[in-house]
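Containing CSV, N, CA and C atoms: protein-v9.csv.
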chain,number,residue,atom,x,y,z
C,1,MET,N,-0.9,-15.9,-23.6
C,1,MET,CA,-1.1,-15.8,-22.2
C,1,MET,C,-1.3,-14.4,-21.8
C,2,LYS,N,-2.4,-14.1,-21.0
C,2,LYS,CA,-2.7,-12.8,-20.6
C,2,LYS,C,-1.8,-12.4,-19.4
C,3,LYS,N,-1.2,-11.2,-19.5
C,3,LYS,CA,-0.3,-10.7,-18.5
C,3,LYS,C,-1.1,-10.0,-17.4
C,4,THR,N,-0.8,-10.2,-16.2
C,4,THR,CA,-1.4,-9.5,-15.1
C,4,THR,C,-0.5,-8.4,-14.7
C,5,PRO,N,-1.0,-7.4,-13.9
C,5,PRO,CA,-0.1,-6.3,-13.4
C,5,PRO,C,1.1,-6.9,-12.6
C,6,TYR,N,0.9,-8.0,-11.9
C,6,TYR,CA,1.9,-8.6,-11.1
C,6,TYR,C,3.0,-9.1,-12.1
C,7,THR,N,2.6,-9.7,-13.2
C,7,THR,CA,3.5,-10.3,-14.2
C,7,THR,C,4.4,-9.2,-14.8
C,8,TYR,N,3.7,-8.1,-15.2
C,8,TYR,CA,4.5,-6.9,-15.7
C,8,TYR,C,5.5,-6.4,-14.6
C,9,ALA,N,5.0,-6.3,-13.4
C,9,ALA,CA,5.9,-5.8,-12.3
C,9,ALA,C,7.1,-6.7,-12.1
C,10,ARG,N,6.8,-8.0,-12.1
C,10,ARG,CA,7.9,-9.0,-11.8
C,10,ARG,C,8.9,-8.9,-13.0
C,11,GLU,N,8.5,-8.8,-14.2
C,11,GLU,CA,9.4,-8.7,-15.4
C,11,GLU,C,10.2,-7.4,-15.3
C,12,LEU,N,9.6,-6.3,-14.9
C,12,LEU,CA,10.3,-5.0,-14.8
C,12,LEU,C,11.3,-5.1,-13.6
C,13,HIS,N,10.9,-5.7,-12.5
C,13,HIS,CA,11.8,-5.8,-11.4
C,13,HIS,C,13.0,-6.6,-11.8
C,14,THR,N,12.8,-7.7,-12.4
C,14,THR,CA,13.9,-8.6,-12.9
C,14,THR,C,14.8,-7.9,-13.8
C,15,ALA,N,14.3,-7.1,-14.8
C,15,ALA,CA,15.1,-6.4,-15.8
C,15,ALA,C,15.9,-5.3,-15.1
C,16,LEU,N,15.3,-4.6,-14.1
C,16,LEU,CA,16.0,-3.5,-13.5
C,16,LEU,C,17.2,-4.1,-12.6
C,17,LEU,N,16.9,-5.2,-12.0
C,17,LEU,CA,18.0,-5.8,-11.2
C,17,LEU,C,19.2,-6.3,-12.0
C,18,ALA,N,18.9,-6.7,-13.2
C,18,ALA,CA,19.9,-7.2,-14.1
C,18,ALA,C,20.7,-6.1,-14.9
C,19,ALA,N,20.1,-4.9,-14.9
C,19,ALA,CA,20.6,-3.8,-15.7
C,19,ALA,C,21.6,-3.0,-14.9
C,20,GLU,N,22.5,-2.3,-15.6
C,20,GLU,CA,23.3,-1.3,-15.0
C,20,GLU,C,22.5,-0.1,-14.7
C,21,GLY,N,22.9,0.7,-13.7
C,21,GLY,CA,22.2,1.9,-13.2
C,21,GLY,C,21.7,2.8,-14.3
C,22,LYS,N,22.6,3.1,-15.3
C,22,LYS,CA,22.2,4.0,-16.4
C,22,LYS,C,21.1,3.5,-17.3
C,23,LYS,N,20.9,2.3,-17.3
C,23,LYS,CA,19.9,1.7,-18.2
C,23,LYS,C,18.5,1.7,-17.6
C,24,HIS,N,18.4,1.9,-16.3
C,24,HIS,CA,17.1,1.9,-15.6
C,24,HIS,C,16.1,2.8,-16.3
C,25,SER,N,16.4,4.0,-16.6
C,25,SER,CA,15.5,5.0,-17.2
C,25,SER,C,15.0,4.4,-18.5
C,26,GLN,N,15.9,3.9,-19.3
C,26,GLN,CA,15.6,3.3,-20.6
C,26,GLN,C,14.6,2.1,-20.5
C,27,ILE,N,14.8,1.3,-19.5
C,27,ILE,CA,13.9,0.1,-19.3
C,27,ILE,C,12.5,0.6,-18.9
C,28,ILE,N,12.5,1.6,-18.0
C,28,ILE,CA,11.2,2.1,-17.6
C,28,ILE,C,10.5,2.8,-18.7
C,29,ARG,N,11.2,3.6,-19.6
C,29,ARG,CA,10.6,4.2,-20.7
C,29,ARG,C,10.0,3.1,-21.7
C,30,GLU,N,10.8,2.1,-21.9
C,30,GLU,CA,10.4,1.0,-22.8
C,30,GLU,C,9.1,0.3,-22.3
C,31,THR,N,9.1,0.1,-21.0
C,31,THR,CA,7.9,-0.6,-20.4
C,31,THR,C,6.7,0.3,-20.5
C,32,LEU,N,6.8,1.6,-20.3
C,32,LEU,CA,5.7,2.5,-20.4
C,32,LEU,C,5.2,2.6,-21.9
C,33,SER,N,6.2,2.6,-22.8
C,33,SER,CA,5.9,2.6,-24.2
C,33,SER,C,5.1,1.3,-24.6
C,34,LEU,N,5.6,0.2,-24.1
C,34,LEU,CA,4.9,-1.1,-24.3
C,34,LEU,C,3.5,-1.1,-23.8
C,35,LEU,N,3.3,-0.6,-22.6
C,35,LEU,CA,1.9,-0.5,-22.1
C,35,LEU,C,1.0,0.4,-22.9
C,36,SER,N,1.6,1.5,-23.4
C,36,SER,CA,0.8,2.4,-24.3
C,36,SER,C,0.5,1.7,-25.6
C,37,ARG,N,1.4,1.1,-26.2
C,37,ARG,CA,1.2,0.4,-27.5
C,37,ARG,C,0.2,-0.7,-27.4
C,38,THR,N,0.2,-1.4,-26.3
C,38,THR,CA,-0.7,-2.5,-26.1
C,38,THR,C,-2.0,-2.1,-25.4
C,39,ARG,N,-2.2,-0.8,-25.3
C,39,ARG,CA,-3.4,-0.3,-24.7
C,39,ARG,C,-3.7,-0.8,-23.2
C,40,LYS,N,-2.6,-0.9,-22.5
C,40,LYS,CA,-2.7,-1.3,-21.1
C,40,LYS,C,-2.2,-0.3,-20.1
C,41,SER,N,-2.2,1.0,-20.6
C,41,SER,CA,-1.8,2.1,-19.7
C,41,SER,C,-2.7,2.2,-18.4
C,42,ASN,N,-3.9,1.7,-18.5
C,42,ASN,CA,-4.8,1.7,-17.3
C,42,ASN,C,-4.3,0.8,-16.2
C,43,LEU,N,-3.3,0.0,-16.5
C,43,LEU,CA,-2.7,-1.0,-15.5
C,43,LEU,C,-1.6,-0.3,-14.7
C,44,ARG,N,-1.1,0.9,-15.1
C,44,ARG,CA,0.1,1.4,-14.5
C,44,ARG,C,0.0,1.5,-13.0
C,45,SER,N,-1.1,2.0,-12.4
C,45,SER,CA,-1.1,2.1,-10.9
C,45,SER,C,-1.0,0.7,-10.3
C,46,ARG,N,-1.7,-0.3,-10.9
C,46,ARG,CA,-1.6,-1.6,-10.3
C,46,ARG,C,-0.2,-2.2,-10.5
C,47,ILE,N,0.4,-1.9,-11.6
C,47,ILE,CA,1.8,-2.4,-11.8
C,47,ILE,C,2.7,-1.8,-10.8
C,48,VAL,N,2.6,-0.5,-10.6
C,48,VAL,CA,3.5,0.2,-9.6
C,48,VAL,C,3.3,-0.4,-8.2
C,49,ALA,N,2.0,-0.6,-7.8
C,49,ALA,CA,1.8,-1.2,-6.5
C,49,ALA,C,2.4,-2.6,-6.4
C,50,ALA,N,2.3,-3.4,-7.4
C,50,ALA,CA,2.9,-4.8,-7.4
C,50,ALA,C,4.4,-4.7,-7.4
C,51,PHE,N,4.9,-3.7,-8.2
C,51,PHE,CA,6.4,-3.5,-8.2
C,51,PHE,C,6.9,-3.1,-6.8
C,52,THR,N,6.2,-2.2,-6.2
C,52,THR,CA,6.6,-1.8,-4.9
C,52,THR,C,6.6,-2.9,-3.9
C,53,GLU,N,5.6,-3.8,-3.9
C,53,GLU,CA,5.6,-5.0,-3.0
C,53,GLU,C,6.8,-5.9,-3.3
C,54,LEU,N,7.1,-6.1,-4.6
C,54,LEU,CA,8.2,-7.0,-5.0
C,54,LEU,C,9.5,-6.4,-4.5
C,55,ALA,N,9.7,-5.1,-4.7
C,55,ALA,CA,11.0,-4.4,-4.3
C,55,ALA,C,11.1,-4.5,-2.8
C,56,LEU,N,10.0,-4.2,-2.1
C,56,LEU,CA,10.1,-4.3,-0.6
C,56,LEU,C,10.4,-5.7,-0.1
C,57,ALA,N,9.7,-6.7,-0.7
C,57,ALA,CA,9.9,-8.1,-0.3
C,57,ALA,C,11.4,-8.5,-0.5
C,58,ALA,N,12.0,-8.0,-1.6
C,58,ALA,CA,13.4,-8.3,-1.9
C,58,ALA,C,14.3,-7.7,-0.8
C,59,GLU,N,13.8,-6.7,-0.1
C,59,GLU,CA,14.6,-6.0,1.0
C,59,GLU,C,14.1,-6.6,2.4
C,60,GLY,N,13.2,-7.5,2.4
C,60,GLY,CA,12.7,-8.1,3.6
C,60,GLY,C,11.7,-7.2,4.3
C,61,ARG,N,11.0,-6.3,3.5
C,61,ARG,CA,10.0,-5.4,4.1
C,61,ARG,C,8.7,-5.7,3.4
C,62,ARG,N,7.6,-5.1,3.9
C,62,ARG,CA,6.3,-5.3,3.3
C,62,ARG,C,5.5,-4.0,3.4
C,63,MET,N,4.3,-4.0,2.7
C,63,MET,CA,3.5,-2.8,2.6
C,63,MET,C,2.4,-2.9,3.7
C,64,GLY,N,2.0,-1.7,4.1
C,64,GLY,CA,0.8,-1.6,5.0
C,64,GLY,C,0.1,-0.4,4.7
C,65,MET,N,-1.1,-0.2,5.3
C,65,MET,CA,-1.9,1.0,5.0
C,65,MET,C,-2.4,1.5,6.4
C,66,VAL,N,-2.4,2.8,6.5
C,66,VAL,CA,-2.9,3.4,7.7
C,66,VAL,C,-3.9,4.5,7.3
C,67,VAL,N,-5.1,4.4,7.8
C,67,VAL,CA,-6.1,5.4,7.4
C,67,VAL,C,-6.5,6.1,8.7
C,68,SER,N,-6.3,7.5,8.7
C,68,SER,CA,-6.6,8.2,9.9
C,68,SER,C,-7.5,9.4,9.6
C,69,ALA,N,-8.1,10.0,10.6
C,69,ALA,CA,-9.0,11.2,10.4
C,69,ALA,C,-8.2,12.4,9.9
C,70,ARG,N,-7.0,12.5,10.4
C,70,ARG,CA,-6.1,13.6,10.0
C,70,ARG,C,-4.8,13.1,9.7
C,71,PRO,N,-3.9,13.9,9.0
C,71,PRO,CA,-2.6,13.4,8.7
C,71,PRO,C,-1.8,13.0,9.9
C,72,LEU,N,-1.0,12.0,9.8
C,72,LEU,CA,-0.3,11.5,11.0
C,72,LEU,C,0.8,12.5,11.4
C,73,ASP,N,1.1,12.6,12.7
C,73,ASP,CA,2.2,13.4,13.2
C,73,ASP,C,3.4,12.5,13.3
C,74,ALA,N,4.6,13.1,13.5
C,74,ALA,CA,5.8,12.4,13.6
C,74,ALA,C,5.8,11.4,14.7
C,75,GLY,N,5.2,11.7,15.9
C,75,GLY,CA,5.2,10.7,17.0
C,75,GLY,C,4.4,9.5,16.6
C,76,THR,N,3.3,9.7,15.9
C,76,THR,CA,2.4,8.5,15.5
C,76,THR,C,3.2,7.7,14.5
C,77,ARG,N,3.8,8.3,13.6
C,77,ARG,CA,4.6,7.6,12.6
C,77,ARG,C,5.7,6.7,13.3
C,78,ALA,N,6.4,7.3,14.3
C,78,ALA,CA,7.5,6.6,15.0
C,78,ALA,C,6.9,5.4,15.7
C,79,HIS,N,5.7,5.6,16.3
C,79,HIS,CA,5.1,4.5,17.1
C,79,HIS,C,4.7,3.4,16.1
C,80,LEU,N,4.2,3.7,14.9
C,80,LEU,CA,3.9,2.7,13.9
C,80,LEU,C,5.1,1.9,13.5
C,81,THR,N,6.2,2.7,13.2
C,81,THR,CA,7.5,2.1,12.8
C,81,THR,C,8.0,1.1,13.9
C,82,LYS,N,7.9,1.5,15.1
C,82,LYS,CA,8.3,0.7,16.3
C,82,LYS,C,7.4,-0.6,16.4
C,83,SER,N,6.1,-0.4,16.3
C,83,SER,CA,5.2,-1.5,16.5
C,83,SER,C,5.1,-2.5,15.3
C,84,PHE,N,5.3,-2.0,14.1
C,84,PHE,CA,5.3,-2.8,12.9
C,84,PHE,C,6.6,-2.8,12.2
C,85,LYS,N,7.5,-3.7,12.6
C,85,LYS,CA,8.8,-3.8,12.1
C,85,LYS,C,8.8,-4.2,10.6
C,86,ASN,N,9.6,-3.6,9.8
C,86,ASN,CA,9.8,-3.9,8.4
C,86,ASN,C,8.5,-3.6,7.6
C,87,VAL,N,7.7,-2.7,8.0
C,87,VAL,CA,6.5,-2.4,7.3
C,87,VAL,C,6.6,-0.9,6.8
C,88,VAL,N,6.3,-0.7,5.5
C,88,VAL,CA,6.3,0.7,5.0
C,88,VAL,C,4.8,1.0,4.8
C,89,PHE,N,4.4,2.1,5.4
C,89,PHE,CA,2.9,2.4,5.4
C,89,PHE,C,2.6,3.4,4.3
C,90,GLU,N,1.5,3.1,3.6
C,90,GLU,CA,0.9,4.1,2.8
C,90,GLU,C,-0.1,4.8,3.7
C,91,GLU,N,-0.1,6.1,3.7
C,91,GLU,CA,-1.0,6.9,4.6
C,91,GLU,C,-2.1,7.5,3.8
C,92,ARG,N,-3.3,7.4,4.4
C,92,ARG,CA,-4.5,8.1,3.8
C,92,ARG,C,-5.3,8.7,4.9
C,93,THR,N,-6.1,9.7,4.6
C,93,THR,CA,-7.0,10.3,5.5
C,93,THR,C,-8.4,10.1,5.2
C,94,ASP,N,-9.3,10.0,6.2
C,94,ASP,CA,-10.7,9.8,6.0
C,94,ASP,C,-11.4,10.5,7.2
C,95,PRO,N,-11.8,11.8,7.0
C,95,PRO,CA,-12.4,12.5,8.1
C,95,PRO,C,-13.6,11.9,8.7
C,96,SER,N,-14.3,10.9,8.0
C,96,SER,CA,-15.4,10.3,8.6
C,96,SER,C,-15.1,9.3,9.8
C,97,LEU,N,-13.8,9.1,10.0
C,97,LEU,CA,-13.3,8.2,11.1
C,97,LEU,C,-13.5,9.0,12.4
C,98,LEU,N,-13.5,10.3,12.4
C,98,LEU,CA,-13.6,11.2,13.5
C,98,LEU,C,-12.3,11.3,14.3
C,99,GLY,N,-11.6,10.2,14.5
C,99,GLY,CA,-10.4,10.1,15.3
C,99,GLY,C,-9.9,8.7,15.2
C,100,GLY,N,-8.7,8.5,15.8
C,100,GLY,CA,-8.1,7.2,15.8
C,100,GLY,C,-7.6,6.8,14.4
C,101,ALA,N,-7.4,5.5,14.2
C,101,ALA,CA,-6.9,5.1,12.9
C,101,ALA,C,-7.3,3.6,12.6
C,102,VAL,N,-7.2,3.2,11.3
C,102,VAL,CA,-7.4,1.9,10.9
C,102,VAL,C,-6.1,1.4,10.2
C,103,VAL,N,-5.5,0.3,10.7
C,103,VAL,CA,-4.2,-0.2,10.2
C,103,VAL,C,-4.4,-1.5,9.5
C,104,GLU,N,-3.9,-1.7,8.3
C,104,GLU,CA,-4.0,-2.9,7.6
C,104,GLU,C,-2.6,-3.4,7.2
C,105,VAL,N,-2.2,-4.6,7.6
C,105,VAL,CA,-0.9,-5.2,7.2
C,105,VAL,C,-1.2,-6.7,6.9
C,106,ASP,N,-0.7,-7.2,5.8
C,106,ASP,CA,-0.8,-8.6,5.4
C,106,ASP,C,-2.2,-9.1,5.5
C,107,GLY,N,-3.2,-8.4,5.2
C,107,GLY,CA,-4.6,-8.9,5.2
C,107,GLY,C,-5.3,-8.8,6.6
C,108,SER,N,-4.5,-8.4,7.6
C,108,SER,CA,-5.1,-8.2,8.9
C,108,SER,C,-5.4,-6.7,9.1
C,109,ARG,N,-6.5,-6.5,9.9
C,109,ARG,CA,-7.0,-5.1,10.0
C,109,ARG,C,-7.2,-4.9,11.5
C,110,ILE,N,-6.6,-3.7,12.0
C,110,ILE,CA,-6.8,-3.3,13.4
C,110,ILE,C,-7.6,-2.0,13.3
C,111,ASP,N,-8.8,-2.0,13.8
C,111,ASP,CA,-9.6,-0.8,13.6
C,111,ASP,C,-9.7,-0.1,15.0
C,112,GLY,N,-9.0,1.0,15.1
C,112,GLY,CA,-9.0,1.8,16.3
C,112,GLY,C,-9.6,3.1,16.1
C,113,SER,N,-10.6,3.2,15.2
C,113,SER,CA,-11.2,4.4,14.9
C,113,SER,C,-12.3,4.8,15.9
C,114,VAL,N,-12.5,6.0,16.1
C,114,VAL,CA,-13.5,6.5,17.0
C,114,VAL,C,-14.9,6.1,16.4
C,115,ARG,N,-15.1,6.2,15.1
C,115,ARG,CA,-16.3,5.8,14.5
C,115,ARG,C,-16.7,4.4,14.9
C,116,THR,N,-15.8,3.4,14.7
C,116,THR,CA,-16.1,2.0,15.1
C,116,THR,C,-16.4,1.9,16.5
C,117,LYS,N,-15.6,2.5,17.4
C,117,LYS,CA,-15.8,2.4,18.8
C,117,LYS,C,-17.2,3.0,19.2
C,118,LEU,N,-17.6,4.0,18.6
C,118,LEU,CA,-19.0,4.6,18.8
C,118,LEU,C,-20.1,3.6,18.4
C,119,ASN,N,-19.9,3.0,17.2
C,119,ASN,CA,-20.8,2.0,16.7
C,119,ASN,C,-20.9,0.8,17.6
C,120,LEU,N,-19.8,0.3,18.1
C,120,LEU,CA,-19.8,-0.8,19.0
C,120,LEU,C,-20.5,-0.4,20.3
C,121,LEU,N,-20.3,0.8,20.8
C,121,LEU,CA,-21.0,1.2,22.0
C,121,LEU,C,-22.5,1.3,21.8
C,122,LYS,N,-22.9,1.8,20.6
C,122,LYS,CA,-24.3,1.9,20.3
C,122,LYS,C,-25.0,0.5,20.2
C,123,GLN,N,-24.3,-0.4,19.6
C,123,GLN,CA,-24.8,-1.8,19.5
C,123,GLN,C,-24.9,-2.4,20.9
C,124,ALA,N,-23.9,-2.2,21.8
C,124,ALA,CA,-24.0,-2.7,23.2
C,124,ALA,C,-25.2,-2.2,23.9
C,125,ILE,N,-25.4,-0.9,23.8
C,125,ILE,CA,-26.5,-0.2,24.5
C,125,ILE,C,-27.8,-0.8,24.0
C,126,ALA,N,-27.9,-0.9,22.6
C,126,ALA,CA,-29.2,-1.4,22.0
C,126,ALA,C,-29.5,-2.8,22.4
C,127,SER,N,-28.4,-3.7,22.6
C,127,SER,CA,-28.6,-5.1,22.9
C,127,SER,C,-29.1,-5.2,24.4
C,128,GLU,N,-28.8,-4.3,25.2
C,128,GLU,CA,-29.2,-4.4,26.6
C,128,GLU,C,-30.6,-4.0,26.8
C,129,ASN,N,-31.2,-3.3,25.9
C,129,ASN,CA,-32.6,-2.9,26.0
C,129,ASN,C,-33.6,-3.9,25.5
Could you rewrite the structure in this file as structure tokens?
Amino acid sequence: MKKTPYTYARELHTALLAAEGKKHSQIIRETLSLLSRTRKSNLRSRIVAAFTELALAAEGRRMGMVVSARPLDAGTRAHLTKSFKNVVFEERTDPSLLGGAVVEVDGSRIDGSVRTKLNLLKQAIASEN
């Protein structure tokens, strides 16, 4: 049976939960060694992402993504935390947004970017002519 990154992440999460604190490093080393031996090292980033989701879900939290034109300031982070309870955000920057942000949580997308607003305005003006 072919293992997916999620399968590896689930097995690692289960092993870490069952192990004593001192054995965590050993389990992680063994997992990385296994990935290397089986030529699956290219899956590491996807395994880490799946593991993060599993660990957060076990704590009653979930992952989200926020993309903004510039790095977020403390006030914006606080607003996101207040607006999206139990969501841990990965932050990225994309200068092409011009301003505003795009927020994604659980497959839903809220696009508050200046670029999108300008494109919508452009389409509205074009449709009136």
With a cut-off of 12 Å, could you pull out the residues of segment 24-76 of chain C touching segment 111-114 of chain C and give me the nearest pair of atoms for each, distance in Å to one decimal, using only C-alpha atoms, ordered by chain and ascending number, as JSON lines?
{"residue": "C:Met65", "atom": "CA", "partner": "C:Asp111", "partner_atom": "CA", "distance": 11.7}
{"residue": "C:Val66", "atom": "CA", "partner": "C:Asp111", "partner_atom": "CA", "distance": 9.9}
{"residue": "C:Val67", "atom": "CA", "partner": "C:Ser113", "partner_atom": "CA", "distance": 9.1}
{"residue": "C:Ser68", "atom": "CA", "partner": "C:Ser113", "partner_atom": "CA", "distance": 7.8}
{"residue": "C:Ala69", "atom": "CA", "partner": "C:Ser113", "partner_atom": "CA", "distance": 8.4}
{"residue": "C:Arg70", "atom": "CA", "partner": "C:Ser113", "partner_atom": "CA", "distance": 11.6}
Do you know which residues are at most 8 Å from segment 51-55 of chain C counting only C-alpha atoms, after dropping those on the same chain fewer than 5 positions away, and could you put them as a tab-separated table (two decimals) with N, CA and C atoms, in the coordinates of the input?
chain	number	residue	atom	x	y	z
C	6	TYR	N	0.90	-8.00	-11.90
C	6	TYR	CA	1.90	-8.60	-11.10
C	6	TYR	C	3.00	-9.10	-12.10
C	9	ALA	N	5.00	-6.30	-13.40
C	9	ALA	CA	5.90	-5.80	-12.30
C	9	ALA	C	7.10	-6.70	-12.10
C	10	ARG	N	6.80	-8.00	-12.10
C	10	ARG	CA	7.90	-9.00	-11.80
C	10	ARG	C	8.90	-8.90	-13.00
C	12	LEU	N	9.60	-6.30	-14.90
C	12	LEU	CA	10.30	-5.00	-14.80
C	12	LEU	C	11.30	-5.10	-13.60
C	13	HIS	N	10.90	-5.70	-12.50
C	13	HIS	CA	11.80	-5.80	-11.40
C	13	HIS	C	13.00	-6.60	-11.80
C	62	ARG	N	7.60	-5.10	3.90
C	62	ARG	CA	6.30	-5.30	3.30
C	62	ARG	C	5.50	-4.00	3.40
C	63	MET	N	4.30	-4.00	2.70
C	63	MET	CA	3.50	-2.80	2.60
C	63	MET	C	2.40	-2.90	3.70
Return as a PyMOL selection string the full set of residues in chain C whose backbone-based DSSP assignment is strand (DSSP E or B).
chain C and resi 62-68+87-93+101-105+108-111
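Between atom N of Arg61 of chain C and atom N of Val88 of chain C there is a distance of 7.6 Å.
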Secondary structure check, alpha helix (DSSP H) residues of segment 42-117 of chain C, as a PDB file with N, CA and C atoms, keeping the file's coordinate frame:
ATOM      1  N   ARG C  44      -1.100   0.900 -15.100  1.00  0.00           N
ATOM      2  CA  ARG C  44       0.100   1.400 -14.500  1.00  0.00           C
ATOM      3  C   ARG C  44       0.000   1.500 -13.000  1.00  0.00           C
ATOM      4  N   SER C  45      -1.100   2.000 -12.400  1.00  0.00           N
ATOM      5  CA  SER C  45      -1.100   2.100 -10.900  1.00  0.00           C
ATOM      6  C   SER C  45      -1.000   0.700 -10.300  1.00  0.00           C
ATOM      7  N   ARG C  46      -1.700  -0.300 -10.900  1.00  0.00           N
ATOM      8  CA  ARG C  46      -1.600  -1.600 -10.300  1.00  0.00           C
ATOM      9  C   ARG C  46      -0.200  -2.200 -10.500  1.00  0.00           C
ATOM     10  N   ILE C  47       0.400  -1.900 -11.600  1.00  0.00           N
ATOM     11  CA  ILE C  47       1.800  -2.400 -11.800  1.00  0.00           C
ATOM     12  C   ILE C  47       2.700  -1.800 -10.800  1.00  0.00           C
ATOM     13  N   VAL C  48       2.600  -0.500 -10.600  1.00  0.00           N
ATOM     14  CA  VAL C  48       3.500   0.200  -9.600  1.00  0.00           C
ATOM     15  C   VAL C  48       3.300  -0.400  -8.200  1.00  0.00           C
ATOM     16  N   ALA C  49       2.000  -0.600  -7.800  1.00  0.00           N
ATOM     17  CA  ALA C  49       1.800  -1.200  -6.500  1.00  0.00           C
ATOM     18  C   ALA C  49       2.400  -2.600  -6.400  1.00  0.00           C
ATOM     19  N   ALA C  50       2.300  -3.400  -7.400  1.00  0.00           N
ATOM     20  CA  ALA C  50       2.900  -4.800  -7.400  1.00  0.00           C
ATOM     21  C   ALA C  50       4.400  -4.700  -7.400  1.00  0.00           C
ATOM     22  N   PHE C  51       4.900  -3.700  -8.200  1.00  0.00           N
ATOM     23  CA  PHE C  51       6.400  -3.500  -8.200  1.00  0.00           C
ATOM     24  C   PHE C  51       6.900  -3.100  -6.800  1.00  0.00           C
ATOM     25  N   THR C  52       6.200  -2.200  -6.200  1.00  0.00           N
ATOM     26  CA  THR C  52       6.600  -1.800  -4.900  1.00  0.00           C
ATOM     27  C   THR C  52       6.600  -2.900  -3.900  1.00  0.00           C
ATOM     28  N   GLU C  53       5.600  -3.800  -3.900  1.00  0.00           N
ATOM     29  CA  GLU C  53       5.600  -5.000  -3.000  1.00  0.00           C
ATOM     30  C   GLU C  53       6.800  -5.900  -3.300  1.00  0.00           C
ATOM     31  N   LEU C  54       7.100  -6.100  -4.600  1.00  0.00           N
ATOM     32  CA  LEU C  54       8.200  -7.000  -5.000  1.00  0.00           C
ATOM     33  C   LEU C  54       9.500  -6.400  -4.500  1.00  0.00           C
ATOM     34  N   ALA C  55       9.700  -5.100  -4.700  1.00  0.00           N
ATOM     35  CA  ALA C  55      11.000  -4.400  -4.300  1.00  0.00           C
ATOM     36  C   ALA C  55      11.100  -4.500  -2.800  1.00  0.00           C
ATOM     37  N   LEU C  56      10.000  -4.200  -2.100  1.00  0.00           N
ATOM     38  CA  LEU C  56      10.100  -4.300  -0.600  1.00  0.00           C
ATOM     39  C   LEU C  56      10.400  -5.700  -0.100  1.00  0.00           C
ATOM     40  N   ALA C  57       9.700  -6.700  -0.700  1.00  0.00           N
ATOM     41  CA  ALA C  57       9.900  -8.100  -0.300  1.00  0.00           C
ATOM     42  C   ALA C  57      11.400  -8.500  -0.500  1.00  0.00           C
ATOM     43  N   ALA C  58      12.000  -8.000  -1.600  1.00  0.00           N
ATOM     44  CA  ALA C  58      13.400  -8.300  -1.900  1.00  0.00           C
ATOM     45  C   ALA C  58      14.300  -7.700  -0.800  1.00  0.00           C
ATOM     46  N   ALA C  74       4.600  13.100  13.500  1.00  0.00           N
ATOM     47  CA  ALA C  74       5.800  12.400  13.600  1.00  0.00           C
ATOM     48  C   ALA C  74       5.800  11.400  14.700  1.00  0.00           C
ATOM     49  N   GLY C  75       5.200  11.700  15.900  1.00  0.00           N
ATOM     50  CA  GLY C  75       5.200  10.700  17.000  1.00  0.00           C
ATOM     51  C   GLY C  75       4.400   9.500  16.600  1.00  0.00           C
ATOM     52  N   THR C  76       3.300   9.700  15.900  1.00  0.00           N
ATOM     53  CA  THR C  76       2.400   8.500  15.500  1.00  0.00           C
ATOM     54  C   THR C  76       3.200   7.700  14.500  1.00  0.00           C
ATOM     55  N   ARG C  77       3.800   8.300  13.600  1.00  0.00           N
ATOM     56  CA  ARG C  77       4.600   7.600  12.600  1.00  0.00           C
ATOM     57  C   ARG C  77       5.700   6.700  13.300  1.00  0.00           C
ATOM     58  N   ALA C  78       6.400   7.300  14.300  1.00  0.00           N
ATOM     59  CA  ALA C  78       7.500   6.600  15.000  1.00  0.00           C
ATOM     60  C   ALA C  78       6.900   5.400  15.700  1.00  0.00           C
ATOM     61  N   HIS C  79       5.700   5.600  16.300  1.00  0.00           N
ATOM     62  CA  HIS C  79       5.100   4.500  17.100  1.00  0.00           C
ATOM     63  C   HIS C  79       4.700   3.400  16.100  1.00  0.00           C
ATOM     64  N   LEU C  80       4.200   3.700  14.900  1.00  0.00           N
ATOM     65  CA  LEU C  80       3.900   2.700  13.900  1.00  0.00           C
ATOM     66  C   LEU C  80       5.100   1.900  13.500  1.00  0.00           C
ATOM     67  N   THR C  81       6.200   2.700  13.200  1.00  0.00           N
ATOM     68  CA  THR C  81       7.500   2.100  12.800  1.00  0.00           C
ATOM     69  C   THR C  81       8.000   1.100  13.900  1.00  0.00           C
ATOM     70  N   LYS C  82       7.900   1.500  15.100  1.00  0.00           N
ATOM     71  CA  LYS C  82       8.300   0.700  16.300  1.00  0.00           C
ATOM     72  C   LYS C  82       7.400  -0.600  16.400  1.00  0.00           C
ATOM     73  N   SER C  83       6.100  -0.400  16.300  1.00  0.00           N
ATOM     74  CA  SER C  83       5.200  -1.500  16.500  1.00  0.00           C
ATOM     75  C   SER C  83       5.100  -2.500  15.300  1.00  0.00           C
ATOM     76  N   VAL C 114     -12.500   6.000  16.100  1.00  0.00           N
ATOM     77  CA  VAL C 114     -13.500   6.500  17.000  1.00  0.00           C
ATOM     78  C   VAL C 114     -14.900   6.100  16.400  1.00  0.00           C
ATOM     79  N   ARG C 115     -15.100   6.200  15.100  1.00  0.00           N
ATOM     80  CA  ARG C 115     -16.300   5.800  14.500  1.00  0.00           C
ATOM     81  C   ARG C 115     -16.700   4.400  14.900  1.00  0.00           C
ATOM     82  N   THR C 116     -15.800   3.400  14.700  1.00  0.00           N
ATOM     83  CA  THR C 116     -16.100   2.000  15.100  1.00  0.00           C
ATOM     84  C   THR C 116     -16.400   1.900  16.500  1.00  0.00           C
ATOM     85  N   LYS C 117     -15.600   2.500  17.400  1.00  0.00           N
ATOM     86  CA  LYS C 117     -15.800   2.400  18.800  1.00  0.00           C
ATOM     87  C   LYS C 117     -17.200   3.000  19.200  1.00  0.00           C
TER      88      LYS C 117
END
List as number ranges by chain the protein and nucleic acid residues near Arg44 of chain C, meaning an atom at most 12 Å away when only C-alpha atoms are counted, but skip any in the same chain fewer than 3 places from it.
C: 4-6, 8-9, 28, 31-36, 39-41, 47-51
Between atom N of Leu43 of chain C and atom N of Glu20 of chain C, what is the spacing in Å?
25.9 Å
Residues within 9 Å of (-2.7, 12.9, 12.4), file coordinates, counting only C-alpha atoms: what are they? Give the list as a ChimeraX atom specification.
/C:68-74,76,93,99-101
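The interatomic distance for the pair atom CA of Lys3 of chain C and atom N of Gly64 of chain C works out to 24.4 Å.
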